[in-house]
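Source file: work.cif (mmCIF, C-alpha atoms)
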```cif
data_input
#
loop_
_atom_site.label_atom_id
_atom_site.label_comp_id
_atom_site.auth_asym_id
_atom_site.auth_seq_id
_atom_site.Cartn_x
_atom_site.Cartn_y
_atom_site.Cartn_z
CA MET X 18 -28.56 -28.01 30.00
CA LYS X 19 -25.44 -26.35 28.58
CA TYR X 20 -25.02 -24.43 31.85
CA TYR X 21 -24.95 -27.68 33.85
CA CYS X 22 -22.52 -29.26 31.38
CA HIS X 23 -20.11 -26.34 31.73
CA LEU X 24 -20.48 -26.44 35.49
CA SER X 25 -19.73 -30.17 35.58
CA LEU X 26 -16.68 -29.67 33.36
CA ILE X 27 -15.35 -26.88 35.60
CA THR X 28 -15.95 -29.02 38.69
CA ALA X 29 -14.09 -31.95 37.11
CA ILE X 30 -11.14 -29.71 36.23
CA ILE X 31 -10.98 -28.34 39.77
CA VAL X 32 -11.06 -31.87 41.23
CA LEU X 33 -8.29 -33.02 38.87
CA LEU X 34 -6.14 -30.01 39.74
CA PHE X 35 -6.70 -30.66 43.43
CA LEU X 36 -5.77 -34.33 43.12
CA SER X 37 -2.76 -33.48 40.97
CA GLY X 38 -1.62 -30.92 43.51
CA ASN X 39 -1.97 -33.45 46.30
CA LYS X 40 0.10 -35.97 44.33
CA ILE X 41 2.88 -33.42 43.78
CA LEU X 42 2.75 -32.44 47.44
CA ALA X 43 2.96 -36.09 48.48
CA GLU X 44 5.98 -36.60 46.24
CA GLU X 45 7.70 -33.61 47.81
CA LYS X 46 7.06 -34.88 51.32
CA THR X 47 8.16 -38.46 50.76
CA LYS X 48 11.77 -39.03 51.75
CA ILE X 49 14.10 -42.01 52.11
CA VAL X 50 16.95 -41.87 54.62
CA ILE X 51 19.55 -44.65 54.62
CA ASN X 52 22.17 -44.93 57.34
CA ILE X 53 24.96 -47.23 56.20
CA PRO X 54 26.42 -48.22 59.61
CA THR X 55 22.99 -49.19 60.98
CA THR X 56 22.12 -51.06 57.74
CA THR X 57 18.67 -49.51 57.90
CA LEU X 58 16.40 -47.70 55.44
CA TYR X 59 13.88 -45.22 56.86
CA LEU X 60 10.86 -43.96 54.90
CA TYR X 61 9.43 -40.60 55.95
CA GLN X 62 6.24 -38.78 55.05
CA GLY X 63 7.11 -35.24 56.02
CA ASP X 64 8.72 -35.51 59.44
CA GLU X 65 6.88 -38.73 60.30
CA LEU X 66 8.72 -42.05 60.12
CA ILE X 67 6.27 -44.47 58.52
CA LYS X 68 8.43 -47.48 57.55
CA GLU X 69 11.78 -48.94 58.54
CA TYR X 70 13.63 -51.77 56.79
CA ARG X 71 16.87 -53.66 57.42
CA ILE X 72 19.11 -53.69 54.37
CA THR X 73 22.37 -54.95 52.88
CA VAL X 74 24.89 -52.22 52.01
CA GLY X 75 28.07 -52.17 49.94
CA ARG X 76 31.21 -53.83 51.19
CA ILE X 77 34.25 -51.69 52.06
CA ASP X 78 35.83 -52.08 48.59
CA ALA X 79 32.54 -51.36 46.80
CA SER X 80 30.94 -48.88 49.16
CA THR X 81 27.41 -47.51 48.98
CA PRO X 82 27.62 -43.83 47.91
CA ILE X 83 27.08 -41.18 50.59
CA GLY X 84 25.15 -38.02 49.74
CA ASN X 85 21.81 -36.66 48.55
CA PHE X 86 20.10 -38.23 45.56
CA LYS X 87 16.68 -38.64 43.93
CA VAL X 88 14.72 -41.59 42.56
CA VAL X 89 14.95 -41.47 38.76
CA ASN X 90 13.64 -44.85 37.58
CA LYS X 91 11.68 -47.86 38.79
CA LYS X 92 11.19 -51.35 37.39
CA VAL X 93 9.06 -54.35 38.29
CA ASN X 94 10.85 -57.69 37.75
CA PRO X 95 13.97 -56.02 36.32
CA THR X 96 16.53 -57.61 34.04
CA TRP X 97 20.00 -57.66 35.61
CA TYR X 98 22.96 -56.56 33.48
CA PRO X 99 26.13 -57.85 35.22
CA THR X 100 29.08 -55.47 35.07
CA ASP X 101 31.53 -58.32 34.51
CA GLY X 102 30.47 -58.88 30.91
CA ARG X 103 28.11 -61.79 31.46
CA ASN X 104 24.88 -61.96 29.47
CA PRO X 105 21.84 -60.18 30.90
CA ILE X 106 19.97 -62.20 33.55
CA PRO X 107 16.17 -62.19 33.12
CA PRO X 108 13.77 -62.10 36.09
CA GLY X 109 13.94 -65.29 38.12
CA PRO X 110 15.85 -67.17 40.81
CA ASN X 111 19.29 -66.19 39.43
CA ASN X 112 18.58 -62.48 39.16
CA GLU X 113 20.39 -60.62 41.95
CA LEU X 114 18.07 -57.61 41.65
CA GLY X 115 15.17 -59.60 43.04
CA THR X 116 11.64 -58.50 42.14
CA ARG X 117 11.92 -54.69 42.16
CA TRP X 118 14.42 -51.96 41.23
CA ILE X 119 14.37 -48.33 42.43
CA GLY X 120 17.21 -46.39 40.76
CA ILE X 121 18.77 -43.14 41.93
CA ASP X 122 20.55 -40.37 40.03
CA LYS X 123 23.95 -41.94 40.49
CA PRO X 124 24.47 -44.30 37.57
CA HIS X 125 24.27 -48.03 38.34
CA PHE X 126 23.17 -47.48 41.96
CA GLY X 127 19.81 -48.02 43.56
CA MET X 128 17.65 -50.09 45.89
CA HIS X 129 16.45 -53.53 44.89
CA GLY X 130 15.40 -56.96 46.08
CA THR X 131 17.73 -59.87 46.65
CA ILE X 132 18.22 -63.59 46.23
CA LYS X 133 20.47 -63.55 49.30
CA PRO X 134 18.18 -62.61 52.21
CA GLN X 135 20.68 -64.14 54.64
CA GLU X 136 22.97 -61.15 53.96
CA ILE X 137 20.47 -58.54 55.13
CA GLY X 138 22.11 -56.48 57.88
CA LYS X 139 25.60 -56.93 56.41
CA ALA X 140 27.99 -54.96 54.18
CA THR X 141 28.36 -57.43 51.31
CA SER X 142 26.78 -55.91 48.20
CA ASP X 143 28.52 -54.34 45.19
CA GLY X 144 27.33 -50.92 46.38
CA CYS X 145 23.58 -51.04 45.91
CA VAL X 146 21.11 -51.26 48.77
CA ARG X 147 19.36 -54.61 48.96
CA LEU X 148 16.07 -55.34 50.71
CA LYS X 149 14.17 -58.57 51.20
CA ASN X 150 11.85 -59.04 48.23
CA LYS X 151 8.75 -58.70 50.40
CA ASP X 152 10.12 -55.41 51.77
CA ILE X 153 11.04 -53.87 48.40
CA GLU X 154 7.62 -54.91 47.07
CA GLU X 155 6.02 -53.02 49.98
CA LEU X 156 8.28 -50.00 49.55
CA TYR X 157 7.99 -49.78 45.76
CA PRO X 158 4.49 -48.21 45.44
CA LEU X 159 5.21 -45.81 48.31
CA VAL X 160 8.16 -44.18 46.51
CA PRO X 161 7.29 -41.95 43.52
CA LEU X 162 9.85 -40.68 41.05
CA LYS X 163 11.85 -37.68 42.32
CA THR X 164 11.66 -38.93 45.90
CA SER X 165 14.60 -37.58 47.91
CA VAL X 166 17.14 -40.21 49.00
CA GLU X 167 19.61 -39.20 51.69
CA ILE X 168 22.40 -41.70 52.33
CA ARG X 169 24.22 -41.05 55.59
CA TYR X 170 27.21 -42.45 57.39
CA GLN X 171 26.32 -41.86 61.04
CA THR X 172 28.00 -44.11 63.60
CA ILE X 173 27.14 -42.11 66.71
CA ASP X 174 23.53 -41.69 67.84
CA VAL X 175 22.60 -39.65 70.92
CA LYS X 176 19.04 -39.35 72.21
CA LYS X 177 17.93 -37.32 75.23
CA GLU X 178 15.05 -38.73 77.26
CA LYS X 179 13.94 -37.51 80.70
CA GLY X 180 17.35 -36.43 81.91
CA LEU X 181 19.11 -39.43 80.37
CA LEU X 182 21.42 -39.70 77.41
CA LYS X 183 20.94 -42.89 75.39
CA ILE X 184 24.07 -43.36 73.33
CA THR X 185 24.54 -45.91 70.56
CA ILE X 186 27.86 -46.44 68.80
CA TYR X 187 27.89 -48.42 65.55
CA SER X 188 30.84 -50.08 63.87
CA ASP X 189 32.80 -47.85 61.49
CA ILE X 190 32.38 -50.41 58.71
CA TYR X 191 34.08 -48.29 56.01
CA ALA X 192 36.98 -47.31 58.29
CA LEU X 193 36.26 -43.59 57.89
CA ARG X 194 37.50 -42.86 61.43
CA THR X 195 34.14 -41.62 62.63
CA ASN X 196 34.62 -43.37 65.99
CA THR X 197 37.54 -41.61 67.67
CA ILE X 198 37.98 -40.50 71.25
CA LYS X 199 37.83 -36.84 70.19
CA ARG X 200 34.73 -37.25 68.07
CA LEU X 201 32.88 -39.37 70.63
CA GLY X 202 33.49 -36.72 73.26
CA LYS X 203 32.32 -33.95 70.94
CA GLU X 204 29.21 -35.76 69.63
CA THR X 205 28.03 -36.94 73.05
CA GLY X 206 29.12 -33.93 75.09
CA LEU X 207 30.59 -36.28 77.70
CA GLU X 208 33.94 -35.98 79.40
CA MET X 209 35.07 -39.55 79.96
CA ASP X 210 38.47 -41.13 80.49
CA ASP X 211 40.21 -42.12 77.27
CA SER X 212 40.18 -45.72 78.47
CA PHE X 213 36.37 -45.67 78.60
CA TRP X 214 36.09 -44.44 75.01
CA GLU X 215 38.72 -46.94 73.85
CA ASP X 216 36.69 -49.77 75.36
CA THR X 217 33.51 -48.36 73.79
CA ILE X 218 35.07 -48.24 70.33
CA LYS X 219 36.43 -51.77 70.72
CA GLU X 220 33.04 -53.12 71.77
CA ALA X 221 31.30 -51.40 68.85
CA GLU X 222 33.75 -52.83 66.32
CA GLU X 223 33.55 -56.35 67.76
CA ARG X 224 29.77 -56.47 68.18
CA GLY X 225 28.75 -54.17 65.35
CA VAL X 226 26.92 -51.94 67.84
CA TYR X 227 27.38 -50.86 71.46
CA TYR X 228 25.00 -48.79 73.54
CA PHE X 229 24.84 -47.37 77.02
CA THR X 230 22.82 -44.89 79.06
CA VAL X 231 24.17 -42.10 81.25
CA PHE X 232 22.55 -39.51 83.47
CA SER X 233 22.70 -35.99 82.06
CA GLY X 234 25.57 -35.27 84.46
CA GLY X 235 27.71 -37.90 82.73
CA VAL X 236 27.41 -40.71 85.29
CA ARG X 237 26.87 -44.07 83.66
CA GLU X 238 23.65 -45.81 84.67
#
```

Serialized structure, structure tokens:
Amino acid sequence: MKYYCHLSLITAIIVLLFLSGNKILAEEKTKIVINIPTTTLYLYQGDELIKEYRITVGRIDASTPIGNFKVVNKKVNPTWYPTDGRNPIPPGPNNELGTRWIGIDKPHFGMHGTIKPQEIGKATSDGCVRLKNKDIEELYPLVPLKTSVEIRYQTIDVKKEKGLLKITIYSDIYALRTNTIKRLGKETGLEMDDSFWEDTIKEAEERGVYYFTVFSGGVRE
């Protein structure tokens, strides 16, 4: 009987170690990528994109930080502490953090819900990344502590498909001069007249996004 008890204990320990190892491995593989100009949050498991959410990002005078971070705290129905000296706002319809908070290792910044879903897709926050409450509630359990968070500022996207170049230019919402004739030529590998790139930049700024397809030889489709 003692032999079976020891065997069961050893088996249980092995199972727990296996499950714990899987949890750690899952945490290492989970990654959030945010691209500010596209106002989109991407959730990856390894190299696989598993979720994609539209977001609100910081306005130009209160920009969302760019760089590599990690998730350091999480809160369900968080209390909001306004930075303007107002009293703390408890969970509810006046709480601008919505129903969930996912904080990163840059003080006072993170991802959270919102009471202003009409601003999703815009640059109007105080710097944090806002999601619709239903989206942050879905994302919340998928993001363990220590999850990597990469915040990018990528206004030029080039994809190659079957001899075609699919090029998307997004508005340079923080005026970082990422959309210039020189940079567009370098990033896309295309030699176009300056007037073409000038029109492209203008369209992207006016519409928020502009895309076109060219053959690999540089002839516009």

Could the residues of segment 81-194 of chain X that have an atom at most 8 Å from segment 211-221 of chain X be listed as JSON lines, each with its closest atom pair and the distance in Å to one decimal, counting only C-alpha atoms and ordered by chain and ascending residue number?
```
{"residue": "X:Ile186", "atom": "CA", "partner": "X:Ala221", "partner_atom": "CA", "distance": 6.0}
{"residue": "X:Tyr187", "atom": "CA", "partner": "X:Ala221", "partner_atom": "CA", "distance": 5.6}
{"residue": "X:Ser188", "atom": "CA", "partner": "X:Ala221", "partner_atom": "CA", "distance": 5.2}
```

- Task: Would you list the contacts of segment 182-184 of chain X as a list in words, taking every protein, DNA or RNA residue within 8 Å and counting all atoms listed in the file, but skipping same-chain residues closer than 4 positions in sequence?
- Result: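 Selected residues are Ile173, Asp174, Val175, Lys176, Lys177, Glu178, Thr205, Tyr228, Phe229, Thr230, Val231, Phe232 and Ser233 of chain X.
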
- Name the residues captured by the PyMOL selection byres ((chain X and resi 56) around 8) when it is applied to the shown file; answer as a list in words.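 On the file shown, the PyMOL selection byres ((chain X and resi 56) around 8) covers Ile51, Asn52, Ile53, Pro54, Thr55, Thr57, Leu58, Arg71, Ile72, Thr73, Val74, Gly138, Lys139 and Ala140 of chain X.
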
Hey, what comes out of the PyMOL selection byres ((chain X and resi 158) around 12) on this file? Could you write it as a short mmCIF file (atom, residue, chain, number, x, y, z; two decimals) with C-alpha atoms, keeping the file's coordinate frame?
```cif
data_model
loop_
_atom_site.label_atom_id
_atom_site.label_comp_id
_atom_site.auth_asym_id
_atom_site.auth_seq_id
_atom_site.Cartn_x
_atom_site.Cartn_y
_atom_site.Cartn_z
CA GLU X 44 5.98 -36.60 46.24
CA THR X 47 8.16 -38.46 50.76
CA LYS X 91 11.68 -47.86 38.79
CA LYS X 92 11.19 -51.35 37.39
CA VAL X 93 9.06 -54.35 38.29
CA ARG X 117 11.92 -54.69 42.16
CA TRP X 118 14.42 -51.96 41.23
CA ILE X 119 14.37 -48.33 42.43
CA ASP X 152 10.12 -55.41 51.77
CA ILE X 153 11.04 -53.87 48.40
CA GLU X 154 7.62 -54.91 47.07
CA GLU X 155 6.02 -53.02 49.98
CA LEU X 156 8.28 -50.00 49.55
CA TYR X 157 7.99 -49.78 45.76
CA LEU X 159 5.21 -45.81 48.31
CA VAL X 160 8.16 -44.18 46.51
CA PRO X 161 7.29 -41.95 43.52
CA LEU X 162 9.85 -40.68 41.05
CA THR X 164 11.66 -38.93 45.90
#
```

- Please evaluate the PyMOL selection byres ((chain X and resi 112-116) around 9) against the structure above and give the resulting residues as JSON, numbers by chain. {"X": [92, 93, 94, 95, 96, 97, 106, 107, 108, 109, 110, 111, 117, 118, 128, 129, 130, 131, 132, 133, 147, 148, 149, 150, 151, 153, 154]}

Give me a file of those residues, with C-alpha atoms, as a PDB file, in the coordinates of the input.
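Just written: selection27.pdb:
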```
ATOM      1  CA  LYS X  92      11.190 -51.350  37.390  1.00  0.00           C
ATOM      2  CA  VAL X  93       9.060 -54.350  38.290  1.00  0.00           C
ATOM      3  CA  ASN X  94      10.850 -57.690  37.750  1.00  0.00           C
ATOM      4  CA  PRO X  95      13.970 -56.020  36.320  1.00  0.00           C
ATOM      5  CA  THR X  96      16.530 -57.610  34.040  1.00  0.00           C
ATOM      6  CA  TRP X  97      20.000 -57.660  35.610  1.00  0.00           C
ATOM      7  CA  ILE X 106      19.970 -62.200  33.550  1.00  0.00           C
ATOM      8  CA  PRO X 107      16.170 -62.190  33.120  1.00  0.00           C
ATOM      9  CA  PRO X 108      13.770 -62.100  36.090  1.00  0.00           C
ATOM     10  CA  GLY X 109      13.940 -65.290  38.120  1.00  0.00           C
ATOM     11  CA  PRO X 110      15.850 -67.170  40.810  1.00  0.00           C
ATOM     12  CA  ASN X 111      19.290 -66.190  39.430  1.00  0.00           C
ATOM     13  CA  ARG X 117      11.920 -54.690  42.160  1.00  0.00           C
ATOM     14  CA  TRP X 118      14.420 -51.960  41.230  1.00  0.00           C
ATOM     15  CA  MET X 128      17.650 -50.090  45.890  1.00  0.00           C
ATOM     16  CA  HIS X 129      16.450 -53.530  44.890  1.00  0.00           C
ATOM     17  CA  GLY X 130      15.400 -56.960  46.080  1.00  0.00           C
ATOM     18  CA  THR X 131      17.730 -59.870  46.650  1.00  0.00           C
ATOM     19  CA  ILE X 132      18.220 -63.590  46.230  1.00  0.00           C
ATOM     20  CA  LYS X 133      20.470 -63.550  49.300  1.00  0.00           C
ATOM     21  CA  ARG X 147      19.360 -54.610  48.960  1.00  0.00           C
ATOM     22  CA  LEU X 148      16.070 -55.340  50.710  1.00  0.00           C
ATOM     23  CA  LYS X 149      14.170 -58.570  51.200  1.00  0.00           C
ATOM     24  CA  ASN X 150      11.850 -59.040  48.230  1.00  0.00           C
ATOM     25  CA  LYS X 151       8.750 -58.700  50.400  1.00  0.00           C
ATOM     26  CA  ILE X 153      11.040 -53.870  48.400  1.00  0.00           C
ATOM     27  CA  GLU X 154       7.620 -54.910  47.070  1.00  0.00           C
TER      28      GLU X 154
END
```

- atom CA of Gly127 of chain X to atom CA of Val146 of chain X measures 6.3 Å

Got a minute to add N, CA and C atoms to segment 202-238 of chain X and dump it as a PDB file, keeping the file's coordinate frame?
```pdb
ATOM      1  N   GLY X 202      33.675 -37.738  72.238  1.00  0.00           N
ATOM      2  CA  GLY X 202      33.490 -36.720  73.260  1.00  0.00           C
ATOM      3  C   GLY X 202      32.698 -35.535  72.759  1.00  0.00           C
ATOM      4  N   LYS X 203      33.003 -35.099  71.524  1.00  0.00           N
ATOM      5  CA  LYS X 203      32.320 -33.950  70.940  1.00  0.00           C
ATOM      6  C   LYS X 203      30.856 -34.248  70.640  1.00  0.00           C
ATOM      7  N   GLU X 204      30.581 -35.411  70.023  1.00  0.00           N
ATOM      8  CA  GLU X 204      29.210 -35.760  69.630  1.00  0.00           C
ATOM      9  C   GLU X 204      28.307 -36.007  70.830  1.00  0.00           C
ATOM     10  N   THR X 205      28.851 -36.603  71.877  1.00  0.00           N
ATOM     11  CA  THR X 205      28.030 -36.940  73.050  1.00  0.00           C
ATOM     12  C   THR X 205      28.017 -35.838  74.095  1.00  0.00           C
ATOM     13  N   GLY X 206      29.025 -34.961  74.068  1.00  0.00           N
ATOM     14  CA  GLY X 206      29.120 -33.930  75.090  1.00  0.00           C
ATOM     15  C   GLY X 206      29.589 -34.457  76.428  1.00  0.00           C
ATOM     16  N   LEU X 207      30.155 -35.662  76.447  1.00  0.00           N
ATOM     17  CA  LEU X 207      30.590 -36.280  77.700  1.00  0.00           C
ATOM     18  C   LEU X 207      32.101 -36.191  77.860  1.00  0.00           C
ATOM     19  N   GLU X 208      32.512 -35.965  79.077  1.00  0.00           N
ATOM     20  CA  GLU X 208      33.940 -35.980  79.400  1.00  0.00           C
ATOM     21  C   GLU X 208      34.247 -37.273  80.137  1.00  0.00           C
ATOM     22  N   MET X 209      34.754 -38.240  79.408  1.00  0.00           N
ATOM     23  CA  MET X 209      35.070 -39.550  79.960  1.00  0.00           C
ATOM     24  C   MET X 209      36.562 -39.813  79.817  1.00  0.00           C
ATOM     25  N   ASP X 210      37.070 -40.726  80.632  1.00  0.00           N
ATOM     26  CA  ASP X 210      38.470 -41.130  80.490  1.00  0.00           C
ATOM     27  C   ASP X 210      38.682 -41.738  79.114  1.00  0.00           C
ATOM     28  N   ASP X 211      39.882 -41.543  78.570  1.00  0.00           N
ATOM     29  CA  ASP X 211      40.210 -42.120  77.270  1.00  0.00           C
ATOM     30  C   ASP X 211      40.014 -43.630  77.265  1.00  0.00           C
ATOM     31  N   SER X 212      40.306 -44.264  78.391  1.00  0.00           N
ATOM     32  CA  SER X 212      40.180 -45.720  78.470  1.00  0.00           C
ATOM     33  C   SER X 212      38.721 -46.161  78.278  1.00  0.00           C
ATOM     34  N   PHE X 213      37.789 -45.349  78.782  1.00  0.00           N
ATOM     35  CA  PHE X 213      36.370 -45.670  78.600  1.00  0.00           C
ATOM     36  C   PHE X 213      35.996 -45.631  77.123  1.00  0.00           C
ATOM     37  N   TRP X 214      36.412 -44.554  76.423  1.00  0.00           N
ATOM     38  CA  TRP X 214      36.090 -44.440  75.010  1.00  0.00           C
ATOM     39  C   TRP X 214      36.797 -45.516  74.192  1.00  0.00           C
ATOM     40  N   GLU X 215      37.999 -45.871  74.556  1.00  0.00           N
ATOM     41  CA  GLU X 215      38.720 -46.940  73.850  1.00  0.00           C
ATOM     42  C   GLU X 215      37.963 -48.249  73.963  1.00  0.00           C
ATOM     43  N   ASP X 216      37.468 -48.544  75.165  1.00  0.00           N
ATOM     44  CA  ASP X 216      36.690 -49.770  75.360  1.00  0.00           C
ATOM     45  C   ASP X 216      35.381 -49.714  74.569  1.00  0.00           C
ATOM     46  N   THR X 217      34.763 -48.533  74.540  1.00  0.00           N
ATOM     47  CA  THR X 217      33.510 -48.360  73.790  1.00  0.00           C
ATOM     48  C   THR X 217      33.720 -48.626  72.309  1.00  0.00           C
ATOM     49  N   ILE X 218      34.767 -48.048  71.744  1.00  0.00           N
ATOM     50  CA  ILE X 218      35.070 -48.240  70.330  1.00  0.00           C
ATOM     51  C   ILE X 218      35.353 -49.716  70.027  1.00  0.00           C
ATOM     52  N   LYS X 219      36.105 -50.356  70.901  1.00  0.00           N
ATOM     53  CA  LYS X 219      36.430 -51.770  70.720  1.00  0.00           C
ATOM     54  C   LYS X 219      35.176 -52.624  70.733  1.00  0.00           C
ATOM     55  N   GLU X 220      34.283 -52.357  71.684  1.00  0.00           N
ATOM     56  CA  GLU X 220      33.040 -53.120  71.770  1.00  0.00           C
ATOM     57  C   GLU X 220      32.183 -52.933  70.525  1.00  0.00           C
ATOM     58  N   ALA X 221      32.108 -51.678  70.034  1.00  0.00           N
ATOM     59  CA  ALA X 221      31.300 -51.400  68.850  1.00  0.00           C
ATOM     60  C   ALA X 221      31.837 -52.124  67.628  1.00  0.00           C
ATOM     61  N   GLU X 222      33.158 -52.167  67.482  1.00  0.00           N
ATOM     62  CA  GLU X 222      33.750 -52.830  66.320  1.00  0.00           C
ATOM     63  C   GLU X 222      33.574 -54.346  66.409  1.00  0.00           C
ATOM     64  N   GLU X 223      33.663 -54.894  67.599  1.00  0.00           N
ATOM     65  CA  GLU X 223      33.550 -56.350  67.760  1.00  0.00           C
ATOM     66  C   GLU X 223      32.108 -56.825  67.628  1.00  0.00           C
ATOM     67  N   ARG X 224      31.182 -56.060  68.189  1.00  0.00           N
ATOM     68  CA  ARG X 224      29.770 -56.470  68.180  1.00  0.00           C
ATOM     69  C   ARG X 224      28.984 -55.919  67.004  1.00  0.00           C
ATOM     70  N   GLY X 225      29.499 -54.844  66.400  1.00  0.00           N
ATOM     71  CA  GLY X 225      28.750 -54.170  65.350  1.00  0.00           C
ATOM     72  C   GLY X 225      27.971 -52.981  65.903  1.00  0.00           C
ATOM     73  N   VAL X 226      27.635 -53.039  67.186  1.00  0.00           N
ATOM     74  CA  VAL X 226      26.920 -51.940  67.840  1.00  0.00           C
ATOM     75  C   VAL X 226      27.149 -52.050  69.340  1.00  0.00           C
ATOM     76  N   TYR X 227      27.222 -50.897  70.000  1.00  0.00           N
ATOM     77  CA  TYR X 227      27.380 -50.860  71.460  1.00  0.00           C
ATOM     78  C   TYR X 227      26.582 -49.675  71.980  1.00  0.00           C
ATOM     79  N   TYR X 228      25.805 -49.885  73.012  1.00  0.00           N
ATOM     80  CA  TYR X 228      25.000 -48.790  73.540  1.00  0.00           C
ATOM     81  C   TYR X 228      25.068 -48.753  75.061  1.00  0.00           C
ATOM     82  N   PHE X 229      24.864 -47.566  75.576  1.00  0.00           N
ATOM     83  CA  PHE X 229      24.840 -47.370  77.020  1.00  0.00           C
ATOM     84  C   PHE X 229      24.032 -46.137  77.341  1.00  0.00           C
ATOM     85  N   THR X 230      23.623 -46.015  78.608  1.00  0.00           N
ATOM     86  CA  THR X 230      22.820 -44.890  79.060  1.00  0.00           C
ATOM     87  C   THR X 230      23.559 -44.200  80.201  1.00  0.00           C
ATOM     88  N   VAL X 231      23.563 -42.871  80.165  1.00  0.00           N
ATOM     89  CA  VAL X 231      24.170 -42.100  81.250  1.00  0.00           C
ATOM     90  C   VAL X 231      23.186 -41.052  81.729  1.00  0.00           C
ATOM     91  N   PHE X 232      23.295 -40.653  82.986  1.00  0.00           N
ATOM     92  CA  PHE X 232      22.550 -39.510  83.470  1.00  0.00           C
ATOM     93  C   PHE X 232      23.088 -38.256  82.798  1.00  0.00           C
ATOM     94  N   SER X 233      22.295 -37.215  82.760  1.00  0.00           N
ATOM     95  CA  SER X 233      22.700 -35.990  82.060  1.00  0.00           C
ATOM     96  C   SER X 233      23.994 -35.409  82.611  1.00  0.00           C
ATOM     97  N   GLY X 234      24.325 -35.753  83.856  1.00  0.00           N
ATOM     98  CA  GLY X 234      25.570 -35.270  84.460  1.00  0.00           C
ATOM     99  C   GLY X 234      26.780 -36.054  84.040  1.00  0.00           C
ATOM    100  N   GLY X 235      26.591 -37.129  83.244  1.00  0.00           N
ATOM    101  CA  GLY X 235      27.710 -37.900  82.730  1.00  0.00           C
ATOM    102  C   GLY X 235      28.038 -39.139  83.536  1.00  0.00           C
ATOM    103  N   VAL X 236      27.181 -39.491  84.491  1.00  0.00           N
ATOM    104  CA  VAL X 236      27.410 -40.710  85.290  1.00  0.00           C
ATOM    105  C   VAL X 236      26.709 -41.862  84.617  1.00  0.00           C
ATOM    106  N   ARG X 237      27.450 -42.928  84.366  1.00  0.00           N
ATOM    107  CA  ARG X 237      26.870 -44.070  83.660  1.00  0.00           C
ATOM    108  C   ARG X 237      25.849 -44.786  84.521  1.00  0.00           C
ATOM    109  N   GLU X 238      24.717 -45.136  83.922  1.00  0.00           N
ATOM    110  CA  GLU X 238      23.650 -45.810  84.670  1.00  0.00           C
ATOM    111  C   GLU X 238      23.956 -47.270  84.858  1.00  0.00           C
TER     112      GLU X 238
END
```
